[in-house]
Amino acid sequence: MAAFLWTVYDYHLLHPDENPDMDEVRITRLVARLEAHLDGLRVAGEEGRKIAQERYDEFPEAGELFVLRMLSTNNPIPIFELQLDRVRAYLAQNLPRG
């Protein structure tokens, strides 16, 4: 779910005019849900990271890689504070080409 929510969030930021219903309140709720799913995976510790890795191995896409990267740090950055250009560059450089 975290991977899906990241994908929805990032897509909206790249294409804000495509969904006029996605206002500030809905974006805030979406990010809160994304943060909650990431927190759940963090609380699960190694098992949460293992689940995220399994999802990425099965579906090596940007959302799954984003989740893995967010779980790889001891000091997570809140979603609203991410430098999205750097996040997108990291994802583009590290996704398998195929």
# chains A, B, ... in the order shown; residues from 1 in each chain; ligands from 1

$ residues_around --residues "region 75-81 of chain A" --least-positions-apart "5" --cutoff "9 Å" --atoms "only C-alpha atoms" --output "PyMOL selection string"
chain A and resi 31-32+34-35+70

$ write_last_selection --atoms "N, CA and C atoms" --output "PDB file, in the first residue's frame"
ATOM      1  N   VAL A  31      -0.781  11.752   2.306  1.00  0.00           N
ATOM      2  CA  VAL A  31       0.568  11.691   2.867  1.00  0.00           C
ATOM      3  C   VAL A  31       0.536  11.097   4.271  1.00  0.00           C
ATOM      4  N   ALA A  32      -0.489  11.416   5.046  1.00  0.00           N
ATOM      5  CA  ALA A  32      -0.614  10.833   6.388  1.00  0.00           C
ATOM      6  C   ALA A  32      -0.748   9.312   6.296  1.00  0.00           C
ATOM      7  N   LEU A  34       0.349   7.437   3.802  1.00  0.00           N
ATOM      8  CA  LEU A  34       1.646   6.945   3.344  1.00  0.00           C
ATOM      9  C   LEU A  34       2.622   6.861   4.510  1.00  0.00           C
ATOM     10  N   GLU A  35       2.684   7.930   5.312  1.00  0.00           N
ATOM     11  CA  GLU A  35       3.577   7.935   6.475  1.00  0.00           C
ATOM     12  C   GLU A  35       3.207   6.811   7.446  1.00  0.00           C
ATOM     13  N   MET A  70      13.112   4.391   1.786  1.00  0.00           N
ATOM     14  CA  MET A  70      12.629   5.048   3.004  1.00  0.00           C
ATOM     15  C   MET A  70      12.875   4.182   4.242  1.00  0.00           C
TER      16      MET A  70
END

$ residues_around --residues "region 59-67 of chain A" --least-positions-apart "4" --cutoff "6 Å" --atoms "only C-alpha atoms" --output "VMD selection string"
chain A and resid 3 6 to 7 55 91

$ select_by_dssp --residues "chain A" --states "helix (DSSP H, G or I)" --output "PyMOL selection string"
chain A and resi 2-14+16-18+24-43+46-58+62-71+79-81+84-94

$ write_last_selection --atoms "C-alpha atoms" --output "compact mmCIF listing (two decimals), in the first residue's frame"
# COMPACT_ATOMS: atom_id res chain seq x y z
CA ALA A 2 2.88 2.39 0.77
CA ALA A 3 4.26 1.93 -2.75
CA PHE A 4 0.84 2.61 -4.26
CA LEU A 5 0.29 5.70 -2.12
CA TRP A 6 3.71 7.08 -3.08
CA THR A 7 2.88 6.53 -6.75
CA VAL A 8 -0.45 8.36 -6.41
CA TYR A 9 1.20 11.23 -4.52
CA ASP A 10 4.08 11.64 -6.95
CA TYR A 11 1.82 11.36 -10.00
CA HIS A 12 -0.43 14.07 -8.64
CA LEU A 13 2.52 16.39 -8.04
CA LEU A 14 3.69 15.83 -11.61
CA PRO A 16 -1.78 18.47 -10.66
CA ASP A 17 -4.46 19.46 -13.16
CA GLU A 18 -5.56 15.89 -13.91
CA GLU A 24 -4.72 20.29 -0.07
CA VAL A 25 -6.85 18.40 2.45
CA ARG A 26 -6.83 15.21 0.37
CA ILE A 27 -3.10 15.48 -0.29
CA THR A 28 -2.48 15.87 3.44
CA ARG A 29 -4.60 12.78 4.15
CA LEU A 30 -2.83 10.80 1.44
CA VAL A 31 0.57 11.69 2.87
CA ALA A 32 -0.61 10.83 6.39
CA ARG A 33 -1.67 7.39 5.14
CA LEU A 34 1.65 6.94 3.34
CA GLU A 35 3.58 7.93 6.48
CA ALA A 36 1.46 5.53 8.57
CA HIS A 37 2.20 2.61 6.23
CA LEU A 38 5.91 3.41 6.25
CA ASP A 39 5.84 3.67 10.06
CA GLY A 40 4.14 0.27 10.24
CA LEU A 41 6.90 -1.26 8.15
CA ARG A 42 9.53 0.42 10.33
CA VAL A 43 7.91 -0.86 13.52
CA GLU A 46 13.56 -6.60 9.77
CA GLU A 47 10.30 -8.35 8.90
CA GLY A 48 8.92 -5.09 7.47
CA ARG A 49 12.05 -4.59 5.40
CA LYS A 50 11.83 -8.19 4.22
CA ILE A 51 8.22 -7.70 3.11
CA ALA A 52 9.19 -4.52 1.25
CA GLN A 53 12.10 -6.33 -0.43
CA GLU A 54 9.81 -9.18 -1.50
CA ARG A 55 7.37 -6.71 -3.05
CA TYR A 56 10.20 -4.98 -4.88
CA ASP A 57 11.62 -8.29 -6.10
CA GLU A 58 8.18 -9.15 -7.48
CA ALA A 62 9.37 3.19 -8.48
CA GLY A 63 6.90 2.92 -5.60
CA GLU A 64 8.41 -0.29 -4.29
CA LEU A 65 11.94 1.11 -4.59
CA PHE A 66 10.80 4.28 -2.81
CA VAL A 67 9.56 2.20 0.13
CA LEU A 68 12.82 0.27 0.34
CA ARG A 69 14.81 3.49 0.31
CA MET A 70 12.63 5.05 3.00
CA LEU A 71 13.17 1.98 5.19
CA ILE A 79 7.33 13.02 2.99
CA PHE A 80 6.52 16.73 2.81
CA GLU A 81 10.23 17.53 3.44
CA LEU A 84 11.38 15.36 -4.85
CA ASP A 85 13.78 16.05 -7.69
CA ARG A 86 16.45 14.07 -5.82
CA VAL A 87 14.00 11.28 -4.97
CA ARG A 88 12.93 10.96 -8.60
CA ALA A 89 16.55 10.99 -9.78
CA TYR A 90 17.45 8.24 -7.29
CA LEU A 91 14.50 6.12 -8.37
CA ALA A 92 15.27 6.60 -12.08
CA GLN A 93 18.94 5.69 -11.60
CA ASN A 94 18.29 2.62 -9.48
